[in-house]
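K.L.:
Got a structure for you, written out below as structure tokens; questions coming shortly.
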Amino acid sequence: FDSAAAPVRDAVVEMERRYGKLGQSRWLYMMLWMAKHGNGLVPPRNIIVAAKRLRVTQDVEIEMDRFEQTRDATLAKFRMMRPQGSVSDALDVAVDGIATLCMGLAEGGAVSDADEAMLVPILGWVFPEASSQQLEASIRGRPGRVSAYTS
């Protein structure tokens with residue numbers, strides 16, 4: 001985070017200011033990390049459910065353990081090749097996890113324009129391979145993913 005550009009640092013500070021404890025950088029970074037490093041390895045539903053649980057339990061360590069166990073189990077199955085997810089999938093999970101955990105949006109709730117402006121630099125920093133069109137499509141497409149994480 002210290003090496004991030006000023007717009008990214010400003011967006012993280014704004015997230016904390018706007019959403020208080022729920023928008024704290026620790027939780028934001030956890031959702032970004034899970035989306036980035038679980039892409040193709042951990043089912044997206046598991047990450048979104050972790051965001052929902054974390055809002056209640058506030059136990060980051062347990063959620064990290066669950067994530068790592070699932071990721072490591074998948075890696076053990078695929079010793080010769082690592083499953084790869086798409087950047088669009090990772091962006092969708094990041095947006096939905098942040099919206100659920102940090103912003104408190106209901107499933108399918110749209111991200112406001114002000115929050116979109118705050119998320120774009122953060123997501124662009126974590127996913128530099130994503131185009132600005134992919135970033136915007138992922139944020140604006142959240143309402144269409146309302147049933148994406150149900151079993």
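Residue names in the structure tokens use chain letters A, B, ... in the order shown, residue numbers from 1 in each chain, and ligand numbers from 1 in the order shown.
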Determine, counting only C-alpha atoms, which protein, DNA and RNA residues have an atom within 10 Å of an atom of A:Met15; residues of the same chain fewer than 2 positions away are not included. Present the result as a ChimeraX atom specification.

P.N.:
/A:9-13,17-25,28,102-103,115,118-119

K.L.:
Given the selection you just returned, output its residues as a file containing N, CA and C atoms, formatted as a short mmCIF file (atom, residue, chain, number, x, y, z; two decimals), in the first residue's frame.

P.N.:
```cif
data_model
loop_
_atom_site.label_atom_id
_atom_site.label_comp_id
_atom_site.auth_asym_id
_atom_site.auth_seq_id
_atom_site.Cartn_x
_atom_site.Cartn_y
_atom_site.Cartn_z
N ARG A 9 -4.17 5.48 -2.61
CA ARG A 9 -4.15 5.76 -1.16
C ARG A 9 -5.33 6.63 -0.77
N ASP A 10 -5.64 7.63 -1.58
CA ASP A 10 -6.78 8.51 -1.30
C ASP A 10 -8.09 7.73 -1.31
N ALA A 11 -8.23 6.79 -2.24
CA ALA A 11 -9.46 6.00 -2.33
C ALA A 11 -9.63 5.10 -1.11
N VAL A 12 -8.54 4.53 -0.65
CA VAL A 12 -8.59 3.67 0.55
C VAL A 12 -8.98 4.50 1.77
N VAL A 13 -8.41 5.66 1.90
CA VAL A 13 -8.75 6.56 3.02
C VAL A 13 -10.22 6.97 2.92
N ARG A 17 -13.24 6.43 5.58
CA ARG A 17 -14.01 7.57 6.05
C ARG A 17 -15.51 7.37 5.80
N ARG A 18 -15.82 6.89 4.61
CA ARG A 18 -17.22 6.75 4.21
C ARG A 18 -17.93 5.60 4.94
N TYR A 19 -17.23 4.49 5.14
CA TYR A 19 -17.89 3.29 5.68
C TYR A 19 -17.44 2.90 7.08
N GLY A 20 -16.57 3.68 7.68
CA GLY A 20 -16.17 3.42 9.06
C GLY A 20 -15.46 2.08 9.21
N LYS A 21 -15.80 1.39 10.30
CA LYS A 21 -15.13 0.13 10.61
C LYS A 21 -15.28 -0.89 9.49
N LEU A 22 -16.46 -0.95 8.87
CA LEU A 22 -16.66 -1.92 7.79
C LEU A 22 -15.77 -1.64 6.59
N GLY A 23 -15.41 -0.39 6.38
CA GLY A 23 -14.57 -0.03 5.24
C GLY A 23 -13.10 0.01 5.56
N GLN A 24 -12.71 -0.54 6.71
CA GLN A 24 -11.31 -0.48 7.09
C GLN A 24 -10.42 -1.17 6.07
N SER A 25 -9.23 -0.65 5.91
CA SER A 25 -8.32 -1.14 4.88
C SER A 25 -7.98 -2.61 5.07
N LEU A 28 -10.70 -4.53 3.35
CA LEU A 28 -10.62 -4.24 1.92
C LEU A 28 -9.48 -5.04 1.29
N CYS A 102 -17.49 -4.40 2.85
CA CYS A 102 -17.08 -3.05 3.20
C CYS A 102 -18.18 -2.00 3.02
N MET A 103 -19.05 -2.20 2.04
CA MET A 103 -20.08 -1.22 1.75
C MET A 103 -21.44 -1.61 2.31
N ASP A 115 -19.06 5.59 -5.27
CA ASP A 115 -18.28 4.42 -4.87
C ASP A 115 -17.53 3.82 -6.06
N MET A 118 -14.40 5.57 -6.45
CA MET A 118 -13.47 5.19 -5.40
C MET A 118 -12.86 3.82 -5.69
N LEU A 119 -13.64 2.89 -6.23
CA LEU A 119 -13.17 1.53 -6.48
C LEU A 119 -12.24 1.40 -7.68
#
```

K.L.:
List the spatial neighbours of stretch 46-60 of chain A as a ChimeraX atom specification - criterion: any atom at most 8 Å away, only C-alpha atoms, same-chain residues fewer than 6 positions off excluded.

P.N.:
/A:22,27,31,34-35,67,93,96-98,100-101,149

K.L.:
For the residues in the current selection, export N, CA, C and O atoms as a PDB file, in the first residue's frame.

P.N.:
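The result, written out as selection-v8.pdb:
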```pdb
ATOM      1  N   LEU A  22     -16.461  -0.946   8.868  1.00  0.00           N
ATOM      2  CA  LEU A  22     -16.663  -1.919   7.789  1.00  0.00           C
ATOM      3  C   LEU A  22     -15.772  -1.640   6.585  1.00  0.00           C
ATOM      4  O   LEU A  22     -15.423  -2.548   5.839  1.00  0.00           O
ATOM      5  N   TRP A  27      -9.878  -5.109   5.922  1.00  0.00           N
ATOM      6  CA  TRP A  27     -10.911  -5.935   5.296  1.00  0.00           C
ATOM      7  C   TRP A  27     -10.911  -5.749   3.783  1.00  0.00           C
ATOM      8  O   TRP A  27     -11.113  -6.695   3.030  1.00  0.00           O
ATOM      9  N   MET A  31     -10.271  -8.818   0.978  1.00  0.00           N
ATOM     10  CA  MET A  31     -11.137  -9.175  -0.154  1.00  0.00           C
ATOM     11  C   MET A  31     -10.360  -9.108  -1.465  1.00  0.00           C
ATOM     12  O   MET A  31     -10.509  -9.977  -2.330  1.00  0.00           O
ATOM     13  N   MET A  34      -8.018 -12.163  -1.561  1.00  0.00           N
ATOM     14  CA  MET A  34      -8.749 -13.399  -1.840  1.00  0.00           C
ATOM     15  C   MET A  34      -9.160 -13.476  -3.313  1.00  0.00           C
ATOM     16  O   MET A  34      -9.050 -14.529  -3.940  1.00  0.00           O
ATOM     17  N   ALA A  35      -9.645 -12.370  -3.856  1.00  0.00           N
ATOM     18  CA  ALA A  35     -10.062 -12.361  -5.263  1.00  0.00           C
ATOM     19  C   ALA A  35      -8.865 -12.592  -6.186  1.00  0.00           C
ATOM     20  O   ALA A  35      -8.963 -13.338  -7.171  1.00  0.00           O
ATOM     21  N   PHE A  67      -9.965 -19.926   3.669  1.00  0.00           N
ATOM     22  CA  PHE A  67      -9.556 -19.630   2.300  1.00  0.00           C
ATOM     23  C   PHE A  67      -8.308 -20.431   1.935  1.00  0.00           C
ATOM     24  O   PHE A  67      -8.264 -21.084   0.885  1.00  0.00           O
ATOM     25  N   VAL A  93     -15.529 -10.968  -8.381  1.00  0.00           N
ATOM     26  CA  VAL A  93     -15.481 -11.428  -6.991  1.00  0.00           C
ATOM     27  C   VAL A  93     -14.976 -10.311  -6.088  1.00  0.00           C
ATOM     28  O   VAL A  93     -15.504 -10.105  -4.988  1.00  0.00           O
ATOM     29  N   ASP A  96     -17.822  -7.726  -5.737  1.00  0.00           N
ATOM     30  CA  ASP A  96     -18.932  -8.251  -4.946  1.00  0.00           C
ATOM     31  C   ASP A  96     -18.533  -8.453  -3.486  1.00  0.00           C
ATOM     32  O   ASP A  96     -19.326  -8.199  -2.579  1.00  0.00           O
ATOM     33  N   GLY A  97     -17.309  -8.896  -3.250  1.00  0.00           N
ATOM     34  CA  GLY A  97     -16.839  -9.056  -1.878  1.00  0.00           C
ATOM     35  C   GLY A  97     -16.719  -7.724  -1.153  1.00  0.00           C
ATOM     36  O   GLY A  97     -17.139  -7.601   0.003  1.00  0.00           O
ATOM     37  N   ILE A  98     -16.168  -6.732  -1.814  1.00  0.00           N
ATOM     38  CA  ILE A  98     -16.035  -5.402  -1.215  1.00  0.00           C
ATOM     39  C   ILE A  98     -17.404  -4.778  -0.988  1.00  0.00           C
ATOM     40  O   ILE A  98     -17.663  -4.187   0.065  1.00  0.00           O
ATOM     41  N   THR A 100     -20.187  -6.303  -0.483  1.00  0.00           N
ATOM     42  CA  THR A 100     -20.849  -7.028   0.596  1.00  0.00           C
ATOM     43  C   THR A 100     -20.243  -6.691   1.948  1.00  0.00           C
ATOM     44  O   THR A 100     -20.954  -6.326   2.889  1.00  0.00           O
ATOM     45  N   LEU A 101     -18.928  -6.816   2.054  1.00  0.00           N
ATOM     46  CA  LEU A 101     -18.256  -6.650   3.335  1.00  0.00           C
ATOM     47  C   LEU A 101     -18.074  -5.191   3.724  1.00  0.00           C
ATOM     48  O   LEU A 101     -18.465  -4.781   4.815  1.00  0.00           O
ATOM     49  N   TYR A 149     -23.857 -16.424  -6.785  1.00  0.00           N
ATOM     50  CA  TYR A 149     -23.197 -17.073  -5.648  1.00  0.00           C
ATOM     51  C   TYR A 149     -24.131 -17.948  -4.832  1.00  0.00           C
ATOM     52  O   TYR A 149     -23.802 -18.351  -3.730  1.00  0.00           O
TER      53      TYR A 149
END
```

K.L.:
Please report the interatomic distance between atom CA of A:Pro44 and atom CA of A:Ala5 in Å with one decimal.

P.N.:
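So the answer is 28.4 Å.
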
K.L.:
Quick one: of A:Gly85, A:Pro128, A:Gly38, A:Gly141, who's nearest to A:Glu116, counting only C-alpha atoms?

P.N.:
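Nearest candidate to A:Glu116 out of A:Gly85, A:Pro128, A:Gly38, A:Gly141: A:Gly141.
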
K.L.:
Quick one: everything within 12 Å of A:Leu41, counting only C-alpha atoms, minus sequence neighbours fewer than 3 positions away in the same chain. Send it as a VMD selection string.

P.N.:
chain A and resid 34 to 38 44 to 47 67 to 78 81 to 86 89 to 90

K.L.:
Rounded to one decimal in Å, what is the spacing between atom CA of A:Thr150 and atom CA of A:Val111?

P.N.:
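Answer for the atom CA of A:Thr150 to atom CA of A:Val111 separation: 19.9 Å.
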
K.L.:
Name the residues in contact with A:Ser138 at a cut-off of 10 Å, using only C-alpha atoms, excluding same-chain residues fewer than 4 positions from it; report them as a list in words.

P.N.:
Ser88, Asp89, Ala90, Leu91, Asp92, Val93, Ala94, Val95, Asp96, Ser132, Gln133, Gln134, Arg142, Pro143, Gly144 and Arg145 of chain A

K.L.:
Hey, can you spit out that residue selection with all heavy atoms as a CSV table (one decimal), in the first residue's frame?

P.N.:
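Output below, filename again-v8.csv:
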```csv
chain,number,residue,atom,x,y,z
A,88,SER,N,-11.6,-11.1,-15.5
A,88,SER,CA,-13.0,-10.6,-15.3
A,88,SER,C,-13.7,-11.3,-14.1
A,88,SER,O,-14.4,-10.7,-13.3
A,88,SER,CB,-13.8,-10.8,-16.5
A,88,SER,OG,-13.3,-10.1,-17.6
A,89,ASP,N,-13.4,-12.6,-14.0
A,89,ASP,CA,-14.0,-13.3,-12.8
A,89,ASP,C,-13.4,-12.8,-11.5
A,89,ASP,O,-14.1,-12.6,-10.5
A,89,ASP,CB,-13.7,-14.8,-12.9
A,89,ASP,CG,-14.4,-15.5,-14.0
A,89,ASP,OD1,-15.4,-14.9,-14.5
A,89,ASP,OD2,-14.0,-16.6,-14.4
A,90,ALA,N,-12.1,-12.6,-11.5
A,90,ALA,CA,-11.5,-12.0,-10.3
A,90,ALA,C,-12.0,-10.6,-9.9
A,90,ALA,O,-12.3,-10.3,-8.7
A,90,ALA,CB,-9.9,-12.0,-10.4
A,91,LEU,N,-12.2,-9.8,-10.9
A,91,LEU,CA,-12.8,-8.5,-10.7
A,91,LEU,C,-14.2,-8.6,-10.1
A,91,LEU,O,-14.5,-7.8,-9.2
A,91,LEU,CB,-12.8,-7.7,-12.0
A,91,LEU,CG,-11.5,-7.1,-12.5
A,91,LEU,CD1,-11.6,-6.5,-13.9
A,91,LEU,CD2,-11.0,-6.0,-11.5
A,92,ASP,N,-15.0,-9.4,-10.7
A,92,ASP,CA,-16.4,-9.6,-10.2
A,92,ASP,C,-16.4,-10.0,-8.7
A,92,ASP,O,-17.1,-9.5,-7.9
A,92,ASP,CB,-17.1,-10.6,-11.0
A,92,ASP,CG,-17.4,-10.2,-12.5
A,92,ASP,OD1,-17.2,-9.0,-12.8
A,92,ASP,OD2,-17.8,-11.0,-13.3
A,93,VAL,N,-15.5,-11.0,-8.4
A,93,VAL,CA,-15.5,-11.4,-7.0
A,93,VAL,C,-15.0,-10.3,-6.1
A,93,VAL,O,-15.5,-10.1,-5.0
A,93,VAL,CB,-14.6,-12.7,-6.9
A,93,VAL,CG1,-14.4,-13.1,-5.4
A,93,VAL,CG2,-15.3,-13.9,-7.6
A,94,ALA,N,-14.0,-9.6,-6.5
A,94,ALA,CA,-13.5,-8.5,-5.7
A,94,ALA,C,-14.5,-7.4,-5.5
A,94,ALA,O,-14.8,-7.0,-4.4
A,94,ALA,CB,-12.2,-7.8,-6.4
A,95,VAL,N,-15.2,-7.0,-6.6
A,95,VAL,CA,-16.3,-6.0,-6.4
A,95,VAL,C,-17.4,-6.5,-5.5
A,95,VAL,O,-17.8,-5.8,-4.6
A,95,VAL,CB,-16.8,-5.6,-7.8
A,95,VAL,CG1,-18.1,-4.8,-7.7
A,95,VAL,CG2,-15.8,-4.9,-8.6
A,96,ASP,N,-17.8,-7.7,-5.7
A,96,ASP,CA,-18.9,-8.3,-4.9
A,96,ASP,C,-18.5,-8.5,-3.5
A,96,ASP,O,-19.3,-8.2,-2.6
A,96,ASP,CB,-19.5,-9.5,-5.6
A,96,ASP,CG,-20.1,-9.3,-6.9
A,96,ASP,OD1,-20.4,-8.1,-7.3
A,96,ASP,OD2,-20.3,-10.3,-7.7
A,132,SER,N,-9.7,-0.5,-18.3
A,132,SER,CA,-10.7,0.4,-17.7
A,132,SER,C,-12.1,0.0,-18.0
A,132,SER,O,-13.0,0.1,-17.2
A,132,SER,CB,-10.4,1.9,-18.0
A,132,SER,OG,-10.6,2.1,-19.4
A,133,GLN,N,-12.3,-0.6,-19.2
A,133,GLN,CA,-13.6,-1.1,-19.6
A,133,GLN,C,-14.0,-2.3,-18.7
A,133,GLN,O,-15.1,-2.4,-18.3
A,133,GLN,CB,-13.7,-1.5,-21.1
A,133,GLN,CG,-13.6,-0.3,-22.0
A,133,GLN,CD,-12.1,0.1,-22.3
A,133,GLN,OE1,-11.2,-0.5,-21.9
A,133,GLN,NE2,-12.0,1.3,-23.0
A,134,GLN,N,-13.0,-3.2,-18.5
A,134,GLN,CA,-13.3,-4.3,-17.6
A,134,GLN,C,-13.6,-3.9,-16.2
A,134,GLN,O,-14.5,-4.5,-15.6
A,134,GLN,CB,-12.1,-5.3,-17.6
A,134,GLN,CG,-11.9,-6.1,-18.9
A,134,GLN,CD,-10.6,-6.9,-18.8
A,134,GLN,OE1,-9.5,-6.4,-18.6
A,134,GLN,NE2,-10.8,-8.2,-19.0
A,142,ARG,N,-22.7,-5.5,-11.3
A,142,ARG,CA,-23.0,-6.2,-10.0
A,142,ARG,C,-24.5,-6.6,-9.9
A,142,ARG,O,-24.7,-7.7,-9.5
A,142,ARG,CB,-22.6,-5.3,-8.9
A,142,ARG,CG,-22.8,-6.0,-7.5
A,142,ARG,CD,-22.2,-5.3,-6.4
A,142,ARG,NE,-22.1,-6.2,-5.2
A,142,ARG,CZ,-23.2,-6.4,-4.4
A,142,ARG,NH1,-24.3,-5.7,-4.6
A,142,ARG,NH2,-23.1,-7.2,-3.4
A,143,PRO,N,-25.4,-5.7,-10.2
A,143,PRO,CA,-26.8,-6.2,-10.1
A,143,PRO,C,-27.2,-7.4,-10.9
A,143,PRO,O,-28.0,-8.2,-10.5
A,143,PRO,CB,-27.6,-4.9,-10.6
A,143,PRO,CG,-26.7,-3.8,-10.3
A,143,PRO,CD,-25.3,-4.3,-10.6
A,144,GLY,N,-26.5,-7.6,-12.0
A,144,GLY,CA,-26.8,-8.8,-12.8
A,144,GLY,C,-26.2,-10.1,-12.3
A,144,GLY,O,-26.6,-11.2,-12.7
A,145,ARG,N,-25.4,-10.0,-11.2
A,145,ARG,CA,-24.8,-11.2,-10.7
A,145,ARG,C,-25.5,-11.6,-9.4
A,145,ARG,O,-25.0,-12.3,-8.6
A,145,ARG,CB,-23.3,-10.9,-10.3
A,145,ARG,CG,-22.5,-10.7,-11.6
A,145,ARG,CD,-21.0,-10.7,-11.3
A,145,ARG,NE,-20.6,-9.6,-10.4
A,145,ARG,CZ,-20.2,-8.4,-10.8
A,145,ARG,NH1,-20.2,-8.1,-12.1
A,145,ARG,NH2,-19.8,-7.5,-9.9
```

K.L.:
So how many Å separate atom CA of A:Glu136 and atom CA of A:Phe1, to one decimal?

P.N.:
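Atom CA of A:Phe1 lies at a distance of 22.3 Å from atom CA of A:Glu136.
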